[in-house]
>>> print(open('model.tsv').read())   # TSV, C-alpha atoms
chain	number	residue	atom	x	y	z
A	1	MET	CA	159.82	-147.91	33.28
A	2	LYS	CA	163.19	-149.62	33.54
A	3	THR	CA	165.01	-146.26	33.64
A	4	GLY	CA	162.77	-145.11	36.49
A	5	ARG	CA	163.59	-148.18	38.58
A	6	ILE	CA	167.29	-147.68	38.07
A	7	SER	CA	167.07	-144.03	39.10
A	8	TRP	CA	165.16	-144.95	42.21
A	9	ALA	CA	167.73	-147.57	43.13
A	10	VAL	CA	170.55	-145.09	42.60
A	11	MET	CA	168.84	-142.56	44.87
A	12	VAL	CA	168.31	-145.13	47.61
A	13	GLY	CA	171.91	-146.23	47.36
A	14	ALA	CA	173.17	-142.66	47.56
A	15	ALA	CA	171.00	-141.98	50.59
A	16	LEU	CA	172.33	-145.05	52.34
A	17	ALA	CA	175.89	-144.06	51.55
A	18	LEU	CA	175.34	-140.55	52.87
A	19	SER	CA	173.71	-141.92	56.00
A	20	ALA	CA	176.67	-144.17	56.63
A	21	SER	CA	179.01	-141.28	56.05
A	22	PHE	CA	177.17	-139.08	58.55
A	23	ALA	CA	177.17	-141.87	61.07
A	24	SER	CA	180.91	-142.34	60.79
A	25	ALA	CA	181.52	-138.60	61.17
A	26	GLN	CA	179.83	-138.47	64.57
A	27	ALA	CA	182.15	-138.33	67.56
A	28	ILE	CA	182.30	-141.28	69.88
A	29	ASN	CA	182.80	-140.48	73.56
A	30	SER	CA	183.96	-142.58	76.44
A	31	THR	CA	182.22	-142.28	79.76
A	32	ALA	CA	183.51	-139.44	81.90
A	33	GLN	CA	185.75	-140.49	84.78
A	34	THR	CA	186.15	-138.12	87.71
A	35	ILE	CA	189.02	-137.33	90.08
A	36	SER	CA	188.21	-135.69	93.41
A	37	LEU	CA	190.65	-132.93	94.29
A	38	ASN	CA	191.27	-131.83	97.86
A	39	ALA	CA	193.78	-129.04	98.48
A	40	LYS	CA	194.49	-127.75	101.96
A	41	LEU	CA	196.15	-124.41	102.53
A	42	ALA	CA	196.90	-124.38	106.25
A	43	GLU	CA	197.08	-121.26	108.37
A	44	THR	CA	200.64	-120.21	109.11
A	45	LEU	CA	202.24	-117.36	110.99
A	46	THR	CA	206.02	-117.23	111.15
A	47	LEU	CA	208.45	-114.66	112.53
A	48	ASN	CA	212.17	-114.64	111.84
A	49	LEU	CA	214.85	-112.33	113.19
A	50	SER	CA	217.88	-111.15	111.25
A	51	ALA	CA	220.01	-111.54	114.39
A	52	ASN	CA	219.57	-112.84	117.90
A	53	THR	CA	222.10	-110.84	119.88
A	54	VAL	CA	222.49	-107.15	120.67
A	55	SER	CA	225.20	-105.65	122.86
A	56	PHE	CA	225.24	-102.31	124.67
A	57	THR	CA	228.15	-100.31	125.93
A	58	LEU	CA	226.54	-98.34	128.72
A	59	SER	CA	227.45	-94.87	129.87
A	60	ALA	CA	226.37	-94.13	133.43
A	61	GLY	CA	223.43	-91.74	133.66
A	62	SER	CA	223.21	-91.33	129.91
A	63	ALA	CA	219.90	-91.32	128.10
A	64	THR	CA	221.53	-92.63	124.97
A	65	ASN	CA	222.98	-96.11	125.02
A	66	ALA	CA	222.38	-97.53	121.57
A	67	GLY	CA	222.45	-101.20	120.79
A	68	SER	CA	225.30	-102.55	118.70
A	69	ALA	CA	223.03	-103.53	115.84
A	70	GLY	CA	219.51	-103.29	114.66
A	71	VAL	CA	217.41	-106.41	114.24
A	72	THR	CA	214.76	-106.93	111.59
A	73	ALA	CA	211.76	-109.08	112.36
A	74	THR	CA	210.11	-110.57	109.29
A	75	THR	CA	206.59	-111.77	109.89
A	76	ALA	CA	204.86	-113.89	107.23
A	77	TRP	CA	201.37	-115.29	107.29
A	78	VAL	CA	198.71	-117.22	105.43
A	79	LEU	CA	195.41	-116.71	107.17
A	80	ALA	CA	191.88	-117.98	106.85
A	81	PRO	CA	188.88	-115.76	106.34
A	82	GLY	CA	187.75	-114.41	109.69
A	83	ARG	CA	191.16	-113.18	110.76
A	84	ASN	CA	191.20	-109.41	111.12
A	85	ASN	CA	194.60	-108.44	112.49
A	86	VAL	CA	198.23	-109.44	112.80
A	87	ASN	CA	200.02	-107.92	115.77
A	88	VAL	CA	203.74	-108.00	116.50
A	89	TYR	CA	204.91	-107.63	120.09
A	90	ALA	CA	208.23	-107.15	121.86
A	91	TYR	CA	208.34	-108.07	125.52
A	92	PHE	CA	210.28	-109.02	128.60
A	93	ALA	CA	209.18	-111.54	131.18
A	94	SER	CA	209.46	-108.92	133.93
A	95	SER	CA	209.00	-105.17	133.87
A	96	THR	CA	211.28	-104.63	136.84
A	97	ALA	CA	214.18	-106.73	135.62
A	98	ALA	CA	214.38	-106.53	131.87
A	99	LEU	CA	218.14	-106.81	132.22
A	100	THR	CA	219.90	-107.76	135.43
A	101	ASP	CA	223.29	-108.55	136.86
A	102	GLY	CA	221.58	-110.79	139.38
A	103	THR	CA	221.22	-108.05	141.96
A	104	ASN	CA	220.71	-104.79	140.18
A	105	ASN	CA	218.19	-104.36	137.43
A	106	ILE	CA	217.37	-102.28	134.39
A	107	PRO	CA	213.57	-102.08	134.09
A	108	SER	CA	211.70	-102.47	130.83
A	109	SER	CA	210.61	-98.83	131.10
A	110	ALA	CA	214.25	-97.88	130.41
A	111	PHE	CA	214.49	-100.09	127.34
A	112	TYR	CA	213.42	-98.43	124.08
A	113	ILE	CA	212.70	-99.79	120.66
A	114	LYS	CA	212.45	-97.73	117.52
A	115	ASP	CA	210.45	-99.67	114.94
A	116	ASN	CA	210.88	-98.63	111.31
A	117	THR	CA	210.09	-94.92	111.18
A	118	SER	CA	208.17	-94.75	114.46
A	119	ALA	CA	209.44	-92.87	117.46
A	120	ALA	CA	211.33	-94.89	120.04
A	121	ALA	CA	209.06	-96.29	122.75
A	122	ALA	CA	209.66	-98.01	126.07
A	123	LEU	CA	208.24	-101.41	126.93
A	124	THR	CA	205.64	-100.37	129.49
A	125	ASN	CA	202.40	-101.93	128.26
A	126	THR	CA	200.58	-105.11	129.16
A	127	TYR	CA	199.39	-107.60	126.53
A	128	ALA	CA	197.92	-110.83	127.83
A	129	GLY	CA	200.05	-113.77	126.87
A	130	PHE	CA	203.01	-111.67	125.88
A	131	GLY	CA	205.40	-111.22	128.78
A	132	GLY	CA	205.01	-109.65	132.17
A	133	ALA	CA	202.71	-106.86	133.20
A	134	ASN	CA	203.89	-103.47	131.94
A	135	ALA	CA	206.77	-105.15	130.14
A	136	ALA	CA	205.69	-105.12	126.49
A	137	LEU	CA	205.41	-102.98	123.39
A	138	GLN	CA	203.20	-103.53	120.37
A	139	LEU	CA	205.43	-103.03	117.36
A	140	ALA	CA	202.86	-103.44	114.63
A	141	ASN	CA	199.17	-103.87	113.97
A	142	VAL	CA	198.28	-105.00	110.46
A	143	PRO	CA	194.60	-105.04	109.47
A	144	ILE	CA	193.88	-108.16	107.43
A	145	THR	CA	191.70	-107.81	104.36
A	146	ALA	CA	191.03	-109.88	101.27
A	147	THR	CA	194.14	-108.40	99.73
A	148	ASN	CA	196.66	-109.50	102.34
A	149	ARG	CA	195.52	-112.85	103.75
A	150	SER	CA	198.83	-114.19	102.54
A	151	ALA	CA	201.50	-111.56	103.09
A	152	ASN	CA	204.48	-110.47	105.16
A	153	ARG	CA	205.89	-107.42	106.86
A	154	THR	CA	209.20	-106.35	108.28
A	155	ASP	CA	209.95	-104.49	111.48
A	156	ALA	CA	213.42	-102.98	111.54
A	157	MET	CA	214.16	-102.42	115.20
A	158	THR	CA	216.88	-100.39	116.81
A	159	PHE	CA	217.44	-100.34	120.55
A	160	ASN	CA	218.40	-97.94	123.28
A	161	ILE	CA	218.77	-98.06	127.07
A	162	ASP	CA	218.00	-94.87	128.96
A	163	LEU	CA	219.94	-94.68	132.21
A	164	SER	CA	219.00	-91.09	132.96
A	165	THR	CA	215.81	-91.54	134.95
A	166	GLY	CA	214.82	-92.71	138.42
A	167	THR	CA	217.54	-94.58	140.25
A	168	LEU	CA	219.30	-95.67	137.10
A	169	PRO	CA	221.94	-92.90	137.21
A	170	GLN	CA	223.23	-94.81	140.25
A	171	LEU	CA	223.30	-98.14	138.48
A	172	PRO	CA	226.53	-99.88	139.49
A	173	ALA	CA	229.07	-100.97	136.97
A	174	SER	CA	228.41	-104.52	135.97
A	175	THR	CA	227.27	-106.75	133.16
A	176	TYR	CA	223.53	-106.76	132.67
A	177	ALA	CA	221.88	-109.48	130.65
A	178	GLY	CA	218.35	-110.04	129.58
A	179	THR	CA	216.13	-111.60	126.94
A	180	LEU	CA	213.88	-109.61	124.70
A	181	THR	CA	211.25	-111.67	122.90
A	182	ILE	CA	209.51	-110.81	119.63
A	183	GLN	CA	206.26	-112.59	118.78
A	184	ALA	CA	203.36	-112.18	116.37
A	185	GLN	CA	199.70	-112.98	116.82
A	186	ALA	CA	196.83	-113.22	114.32
A	187	LEU	CA	193.34	-112.45	115.53
B	1	MET	CA	173.42	-214.40	19.56
B	2	LEU	CA	170.07	-214.40	21.16
B	3	THR	CA	171.74	-215.32	24.39
B	4	LYS	CA	174.05	-212.31	24.18
B	5	PHE	CA	171.13	-210.05	23.46
B	6	GLY	CA	169.31	-211.46	26.43
B	7	SER	CA	172.29	-210.79	28.67
B	8	VAL	CA	172.49	-207.20	27.57
B	9	VAL	CA	168.81	-206.64	28.19
B	10	ALA	CA	169.14	-208.22	31.60
B	11	LEU	CA	172.02	-205.95	32.49
B	12	VAL	CA	170.16	-202.84	31.36
B	13	ILE	CA	167.10	-203.80	33.36
B	14	SER	CA	169.26	-204.48	36.42
B	15	ALA	CA	170.93	-201.11	36.11
B	16	ILE	CA	167.60	-199.33	35.80
B	17	LEU	CA	166.25	-201.16	38.80
B	18	PHE	CA	169.36	-200.38	40.85
B	19	ALA	CA	169.16	-196.72	39.98
B	20	ALA	CA	165.51	-196.59	40.91
B	21	GLN	CA	166.23	-198.16	44.26
B	22	GLY	CA	169.05	-195.62	44.94
B	23	ARG	CA	166.81	-192.62	44.36
B	24	ALA	CA	164.29	-193.95	46.69
B	25	GLN	CA	166.79	-194.01	49.65
B	26	VAL	CA	167.69	-190.15	49.72
B	27	LEU	CA	165.10	-187.43	50.21
B	28	ASN	CA	166.30	-183.79	50.37
B	29	SER	CA	164.32	-180.76	51.43
B	30	GLY	CA	164.79	-177.41	49.84
B	31	ALA	CA	167.84	-175.35	51.02
B	32	SER	CA	166.89	-172.71	53.65
B	33	PRO	CA	169.46	-169.92	54.05
B	34	ILE	CA	170.16	-168.13	57.33
B	35	ALA	CA	171.40	-164.57	57.06
B	36	LEU	CA	174.19	-163.82	59.53
B	37	ASN	CA	174.82	-160.24	60.72
B	38	ALA	CA	177.63	-159.58	63.23
B	39	VAL	CA	178.14	-156.01	64.42
B	40	LEU	CA	181.30	-154.97	66.21
B	41	PRO	CA	180.33	-151.47	67.37
B	42	ASP	CA	182.64	-148.56	68.00
B	43	SER	CA	183.59	-148.41	71.64
B	44	ILE	CA	185.86	-146.38	73.91
B	45	THR	CA	186.43	-147.17	77.54
B	46	LEU	CA	188.48	-145.04	79.89
B	47	THR	CA	189.49	-146.17	83.35
B	48	LEU	CA	191.49	-144.40	86.04
B	49	SER	CA	193.97	-145.95	88.44
B	50	ALA	CA	192.62	-143.76	91.27
B	51	HIS	CA	189.92	-141.19	91.82
B	52	ALA	CA	191.33	-138.84	94.44
B	53	VAL	CA	194.33	-136.52	94.74
B	54	ASN	CA	195.28	-134.40	97.76
B	55	PHE	CA	197.39	-131.29	97.87
B	56	THR	CA	199.17	-129.68	100.81
B	57	LEU	CA	199.43	-126.11	99.69
B	58	VAL	CA	202.07	-123.54	100.55
B	59	GLY	CA	200.83	-119.98	100.22
B	60	GLY	CA	202.24	-118.22	97.17
B	61	SER	CA	204.28	-121.21	96.05
B	62	ALA	CA	204.42	-122.25	92.42
B	63	ASN	CA	205.04	-125.86	93.37
B	64	ASN	CA	202.25	-127.71	95.11
B	65	PRO	CA	202.32	-131.26	93.74
B	66	GLY	CA	199.49	-133.70	94.10
B	67	SER	CA	199.79	-136.59	96.51
B	68	THR	CA	199.75	-139.15	93.72
B	69	GLY	CA	199.77	-139.58	89.97
B	70	ILE	CA	196.85	-141.16	88.16
B	71	THR	CA	196.98	-143.30	85.04
B	72	ALA	CA	194.15	-143.04	82.54
B	73	THR	CA	193.93	-146.17	80.39
B	74	THR	CA	191.92	-145.73	77.21
B	75	SER	CA	190.87	-148.76	75.13
B	76	TRP	CA	189.04	-148.59	71.84
B	77	VAL	CA	187.56	-150.51	68.94
B	78	MET	CA	187.00	-148.25	65.95
B	79	LYS	CA	185.50	-148.26	62.49
B	80	PRO	CA	187.84	-147.56	59.59
B	81	SER	CA	186.34	-144.08	59.21
B	82	VAL	CA	187.62	-142.90	62.63
B	83	GLY	CA	190.83	-140.93	62.34
B	84	THR	CA	191.78	-139.65	65.80
B	85	LEU	CA	191.26	-140.41	69.45
B	86	ASN	CA	191.81	-137.63	71.96
B	87	VAL	CA	191.89	-137.72	75.75
B	88	TYR	CA	190.79	-134.60	77.59
B	89	ALA	CA	190.98	-133.33	81.17
B	90	PHE	CA	188.59	-130.61	82.17
B	91	PHE	CA	186.75	-128.71	84.88
B	92	SER	CA	183.20	-127.48	84.60
B	93	SER	CA	184.33	-123.93	85.37
B	94	SER	CA	187.57	-122.14	84.58
B	95	ALA	CA	187.05	-119.61	87.35
B	96	ALA	CA	186.47	-122.10	90.14
B	97	ALA	CA	188.33	-125.33	89.46
B	98	LEU	CA	188.71	-125.71	93.20
B	99	THR	CA	186.82	-123.67	95.76
B	100	ASP	CA	186.46	-123.31	99.51
B	101	GLY	CA	182.77	-122.65	99.03
B	102	ALA	CA	183.13	-119.19	100.54
B	103	GLY	CA	183.95	-117.30	97.40
B	104	HIS	CA	187.64	-118.10	97.27
B	105	ASN	CA	188.65	-120.09	94.20
B	106	ILE	CA	191.60	-121.65	92.47
B	107	PRO	CA	191.07	-121.20	88.72
B	108	SER	CA	191.81	-123.90	86.17
B	109	ALA	CA	194.64	-121.71	84.86
B	110	ASP	CA	196.55	-122.50	88.04
B	111	PHE	CA	195.91	-126.24	87.89
B	112	GLN	CA	198.54	-128.09	85.90
B	113	ILE	CA	198.89	-131.60	84.51
B	114	SER	CA	202.01	-133.34	83.29
B	115	ASP	CA	201.25	-136.26	80.97
B	116	ASN	CA	203.75	-139.10	80.80
B	117	GLY	CA	206.56	-136.96	82.14
B	118	GLY	CA	205.99	-134.03	79.81
B	119	ALA	CA	205.94	-130.40	80.78
B	120	PHE	CA	203.19	-129.20	83.08
B	121	ALA	CA	200.34	-127.50	81.25
B	122	ALA	CA	197.45	-125.55	82.71
B	123	LEU	CA	193.82	-126.21	81.87
B	124	THR	CA	193.14	-123.08	79.87
B	125	ASN	CA	191.73	-124.40	76.61
B	126	THR	CA	188.20	-124.89	75.45
B	127	VAL	CA	187.80	-128.58	74.63
B	128	PRO	CA	184.71	-130.60	73.66
B	129	PHE	CA	183.90	-131.14	77.31
B	130	GLY	CA	183.67	-128.90	80.37
B	131	GLY	CA	183.61	-125.15	80.71
B	132	ALA	CA	185.13	-122.58	78.41
B	133	ASN	CA	188.88	-122.22	78.91
B	134	ALA	CA	188.77	-125.00	81.49
B	135	GLY	CA	190.26	-127.92	79.59
B	136	LEU	CA	193.40	-129.57	78.36
B	137	GLN	CA	193.94	-132.13	75.62
B	138	VAL	CA	196.03	-134.69	77.46
B	139	SER	CA	196.90	-136.85	74.46
B	140	SER	CA	196.00	-137.52	70.84
B	141	VAL	CA	196.30	-140.87	69.06
B	142	PRO	CA	196.03	-141.11	65.25
B	143	ILE	CA	193.92	-144.12	64.33
B	144	ARG	CA	195.37	-146.06	61.43
B	145	GLY	CA	194.87	-149.48	59.94
B	146	TYR	CA	197.10	-151.12	62.48
B	147	ASN	CA	195.44	-149.68	65.60
B	148	LYS	CA	191.71	-149.74	64.95
B	149	THR	CA	191.73	-151.65	68.18
B	150	GLY	CA	194.17	-150.38	70.74
B	151	THR	CA	194.96	-148.92	74.14
B	152	ASN	CA	196.73	-145.82	75.38
B	153	SER	CA	198.02	-144.93	78.84
B	154	ASP	CA	198.34	-141.41	80.19
B	155	LEU	CA	200.20	-141.14	83.48
B	156	MET	CA	199.12	-137.80	84.84
B	157	THR	CA	200.79	-135.89	87.67
B	158	PHE	CA	199.31	-132.74	89.08
B	159	ASN	CA	200.42	-129.37	90.43
B	160	ILE	CA	198.71	-126.27	91.75
B	161	ASN	CA	200.54	-123.02	91.09
B	162	LEU	CA	199.73	-120.46	93.77
B	163	ALA	CA	202.27	-117.90	92.60
B	164	PRO	CA	199.52	-115.97	90.78
B	165	LEU	CA	197.34	-116.24	93.91
B	166	PRO	CA	199.44	-114.68	96.68
B	167	ASN	CA	196.38	-113.60	98.64
B	168	LEU	CA	194.58	-116.92	98.65
B	169	PRO	CA	193.33	-117.39	102.19
B	170	ALA	CA	194.00	-120.51	104.20
B	171	GLY	CA	191.27	-123.08	103.77
B	172	VAL	CA	190.28	-126.40	102.25
B	173	TYR	CA	189.68	-126.22	98.52
B	174	THR	CA	187.87	-129.00	96.70
B	175	GLY	CA	187.07	-129.68	93.08
B	176	THR	CA	186.38	-132.35	90.49
B	177	LEU	CA	188.64	-133.00	87.55
B	178	THR	CA	187.10	-135.08	84.77
B	179	ILE	CA	188.93	-137.22	82.24
B	180	GLN	CA	187.14	-138.24	79.03
B	181	ALA	CA	188.11	-139.58	75.63
B	182	GLN	CA	186.60	-138.82	72.23
B	183	ALA	CA	187.14	-140.36	68.81
B	184	PHE	CA	186.14	-138.80	65.52
>>> encode(input="model.tsv", output="C-alpha cells")
Amino acid sequence: MKTGRISWAVMVGAALALSASFASAQAINSTAQTISLNAKLAETLTLNLSANTVSFTLSAGSATNAGSAGVTATTAWVLAPGRNNVNVYAYFASSTAALTDGTNNIPSSAFYIKDNTSAAAALTNTYAGFGGANAALQLANVPITATNRSANRTDAMTFNIDLSTGTLPQLPASTYAGTLTIQAQAL
Amino acid sequence: MLTKFGSVVALVISAILFAAQGRAQVLNSGASPIALNAVLPDSITLTLSAHAVNFTLVGGSANNPGSTGITATTSWVMKPSVGTLNVYAFFSSSAAALTDGAGHNIPSADFQISDNGGAFAALTNTVPFGGANAGLQVSSVPIRGYNKTGTNSDLMTFNINLAPLPNLPAGVYTGTLTIQAQAF
C-alpha cells in the first residue's frame, strides 16, 4: 500500500516536471510591429550629346560636305506601364533657313543626317512640337515592352550638307550658322 | 518557624493567583496561514521609433536608401530556461515585398537592411515569421543569468537594390515590413 502511494507520487512529480519543461521550451513572441514602405520610381527621359558643335567646310555646288565630327545622342528612360514608344527627333526651327548668313540660307532639305547604319536622310518631315514644318527627321522609334521600360539607346549621327540642288550651287561664299536640335519623346 | 512557613505559603498562593490573572488577560486564536503566489511571466515587447520609410528610386541603381532609419527597441523578462532572443524582419511574400499592384514587384531579395551600422543584408532567409525566403534575422541576444531582464536596440537603415531589376517600370511601389522578436 505504502509502495503504491510512493509510486503514484513519483509519477505525478515526473509529469509536473515534464509539463514545466515543455512549457519552458515553447517560444515566446513579441507583438509584430509594422513599417510601411513607399518607394517611388519616377518617369525619366534624358538625352545627352557627345558634342555640341559641328563645323563644315563647304565646297560650292558639291553634294558632299561632311561635318567635322559625328555626334552621339544617348537617350535613357525609365517609363511607366502604358508607354508604348520612345522617339528621337532631329529638327530645325525653320525648313527654309536651317543655316543662314543672315541673308542667304541653306534649307533643312539640304541638311542630311546618317543615323547609325541607316541611309542619310534630309530633314523634310513635320512632327508636331518638334521644330518647324518640314524641318525635322525622326532618328529612332523604339517600341517599349515589359523588357525595356528602363533602358537606353544611342544614335551615332554623322552630318552632310548637299549644295548640289536647287539654287544652292549659287550659294554665295559666307559663314552660315544654324542650330540643330535633338530631342526624345515617350508616348 | 510557623511564621516562616506561613510566609512561604502566602507567597506561593500569591504567585499562583498572579499567574492565573495573567492568563486571563491574553486570548489567542489559532494561526491562519495565507499562501502567497507571485508570478512574473515571460514577456517581450518590441517598439519601433517610426512606422514609415520612403524611397526615391533611381532606375537600375543599386543604391536607393530609405528616407530614415528606424530603431527597434526590444525589452524582455525571461525565465531561466530561455536561452536566446532573436529579432526578425520579414515580408509576407518573397516575390512581392513591394508592389505597384499592377503585377510589377520588388522582391525581398532586393530589399536590404543594415543593423547598427553593419553590412546590408537582403531578406532572403526563411525565419519563424513571414513568407519563405522573405526574412532576415536582425539580431540575436544570448540570455544568461545576468540579462534575464534586459533591452536591445537595433538601428535599422534600409536600401532597395534595383541593379537586378533594370526593367522595373516607373511607378509607386508599396509594401509592409514587419519586425518581431522571439525568445526560446
>>> closest_residue(input="model.tsv", among="A:Ala42, A:Ala146, A:Ala90, A:Leu171", to="Gln185 of chain A", atoms="only C-alpha atoms")
A:Ala90
>>> residues_around(input="model.tsv", residues="Asp42 of chain B", least_positions_apart="4", cutoff="9 Å", atoms="all atoms listed in the file", output="list in words")
Ile28 of chain A; Trp76, Val77, Met78 and Lys79 of chain B
>>> axis_aligned_box(input="model.tsv", around="segment 164-182 of chain A", padding_each_side="4 Å", output="lines of an AutoDock Vina configuration file")
center_x = 219.3
center_y = -101.4
center_z = 129.9
size_x = 27.6
size_y = 28.6
size_z = 28.6
>>> closest_atom_pairs(input="model.tsv", of="chain B", to="chain A", cutoff="6 Å", atoms="only C-alpha atoms", output="CSV")
residue,atom,partner,partner_atom,distance
B:Ile44,CA,A:Ser30,CA,4.9
B:Thr45,CA,A:Ser30,CA,5.3
B:His51,CA,A:Ile35,CA,4.3
B:Ala52,CA,A:Ser36,CA,4.6
B:Val53,CA,A:Leu37,CA,5.2
B:Asn54,CA,A:Asn38,CA,4.8
B:Phe55,CA,A:Ala39,CA,4.3
B:Thr56,CA,A:Lys40,CA,5.2
B:Leu57,CA,A:Leu41,CA,4.7
B:Ser81,CA,A:Ser24,CA,5.9
B:Pro166,CA,A:Ser150,CA,5.9
B:Asn167,CA,A:Ser150,CA,4.6
B:Pro169,CA,A:Ala80,CA,4.9
B:Ala170,CA,A:Ala80,CA,4.2
B:Gly171,CA,A:Leu41,CA,5.2
B:Val172,CA,A:Lys40,CA,4.4
B:Tyr173,CA,A:Ala39,CA,5.0
B:Thr174,CA,A:Asn38,CA,4.6
B:Gly175,CA,A:Leu37,CA,5.0
B:Thr176,CA,A:Ser36,CA,4.8
B:Leu177,CA,A:Ile35,CA,5.0
B:Thr178,CA,A:Thr34,CA,4.3
B:Ile179,CA,A:Gln33,CA,5.2
B:Gln180,CA,A:Ala32,CA,4.8
B:Ala181,CA,A:Ser30,CA,5.2
B:Gln182,CA,A:Asn29,CA,4.4
B:Ala183,CA,A:Ile28,CA,5.0
B:Phe184,CA,A:Ala27,CA,4.5
>>> residues_near_point(input="model.tsv", point="(219.4, -109.1, 115.7)", cutoff="10 Å", atoms="only C-alpha atoms", output="ChimeraX atom specification")
/A:48-55,67-73,156-158
>>> write_last_selection(input="model.tsv", atoms="C-alpha atoms", output="mmCIF file, in the frame of the given file")
data_model
loop_
_atom_site.group_PDB
_atom_site.id
_atom_site.type_symbol
_atom_site.label_atom_id
_atom_site.label_comp_id
_atom_site.auth_asym_id
_atom_site.auth_seq_id
_atom_site.Cartn_x
_atom_site.Cartn_y
_atom_site.Cartn_z
ATOM 1 C CA ASN A 48 212.170 -114.640 111.840
ATOM 2 C CA LEU A 49 214.850 -112.330 113.190
ATOM 3 C CA SER A 50 217.880 -111.150 111.250
ATOM 4 C CA ALA A 51 220.010 -111.540 114.390
ATOM 5 C CA ASN A 52 219.570 -112.840 117.900
ATOM 6 C CA THR A 53 222.100 -110.840 119.880
ATOM 7 C CA VAL A 54 222.490 -107.150 120.670
ATOM 8 C CA SER A 55 225.200 -105.650 122.860
ATOM 9 C CA GLY A 67 222.450 -101.200 120.790
ATOM 10 C CA SER A 68 225.300 -102.550 118.700
ATOM 11 C CA ALA A 69 223.030 -103.530 115.840
ATOM 12 C CA GLY A 70 219.510 -103.290 114.660
ATOM 13 C CA VAL A 71 217.410 -106.410 114.240
ATOM 14 C CA THR A 72 214.760 -106.930 111.590
ATOM 15 C CA ALA A 73 211.760 -109.080 112.360
ATOM 16 C CA ALA A 156 213.420 -102.980 111.540
ATOM 17 C CA MET A 157 214.160 -102.420 115.200
ATOM 18 C CA THR A 158 216.880 -100.390 116.810
#
>>> atom_distance(input="model.tsv", atom1="atom CA of Asp155 of chain A", atom2="atom CA of Gly129 of chain A")
20.5 Å
>>> atom_distance(input="model.tsv", atom1="atom CA of Phe120 of chain B", atom2="atom CA of Thr151 of chain B")
23.2 Å
>>> atom_distance(input="model.tsv", atom1="atom CA of Asn133 of chain B", atom2="atom CA of Thr99 of chain B")
17.0 Å
>>> closest_residue(input="model.tsv", among="A:Ala121, A:Ile113, A:Ala184, A:Ala135", to="Asn85 of chain A", atoms="all atoms listed in the file")
A:Ala184
>>> residues_near_point(input="model.tsv", point="(215.7, -98.7, 133.9)", cutoff="9 Å", atoms="all atoms listed in the file", output="ChimeraX atom specification")
/A:96-99,105-111,161-168,171
>>> closest_residue(input="model.tsv", among="B:Gly103, B:Gly69, B:Gly150, B:Pro142", to="Asn116 of chain B", atoms="all atoms listed in the file")
B:Gly69
>>> closest_residue(input="model.tsv", among="B:Ala38, B:Gly30, B:Ser94, B:Val58", to="Asn125 of chain B", atoms="all atoms listed in the file")
B:Ser94
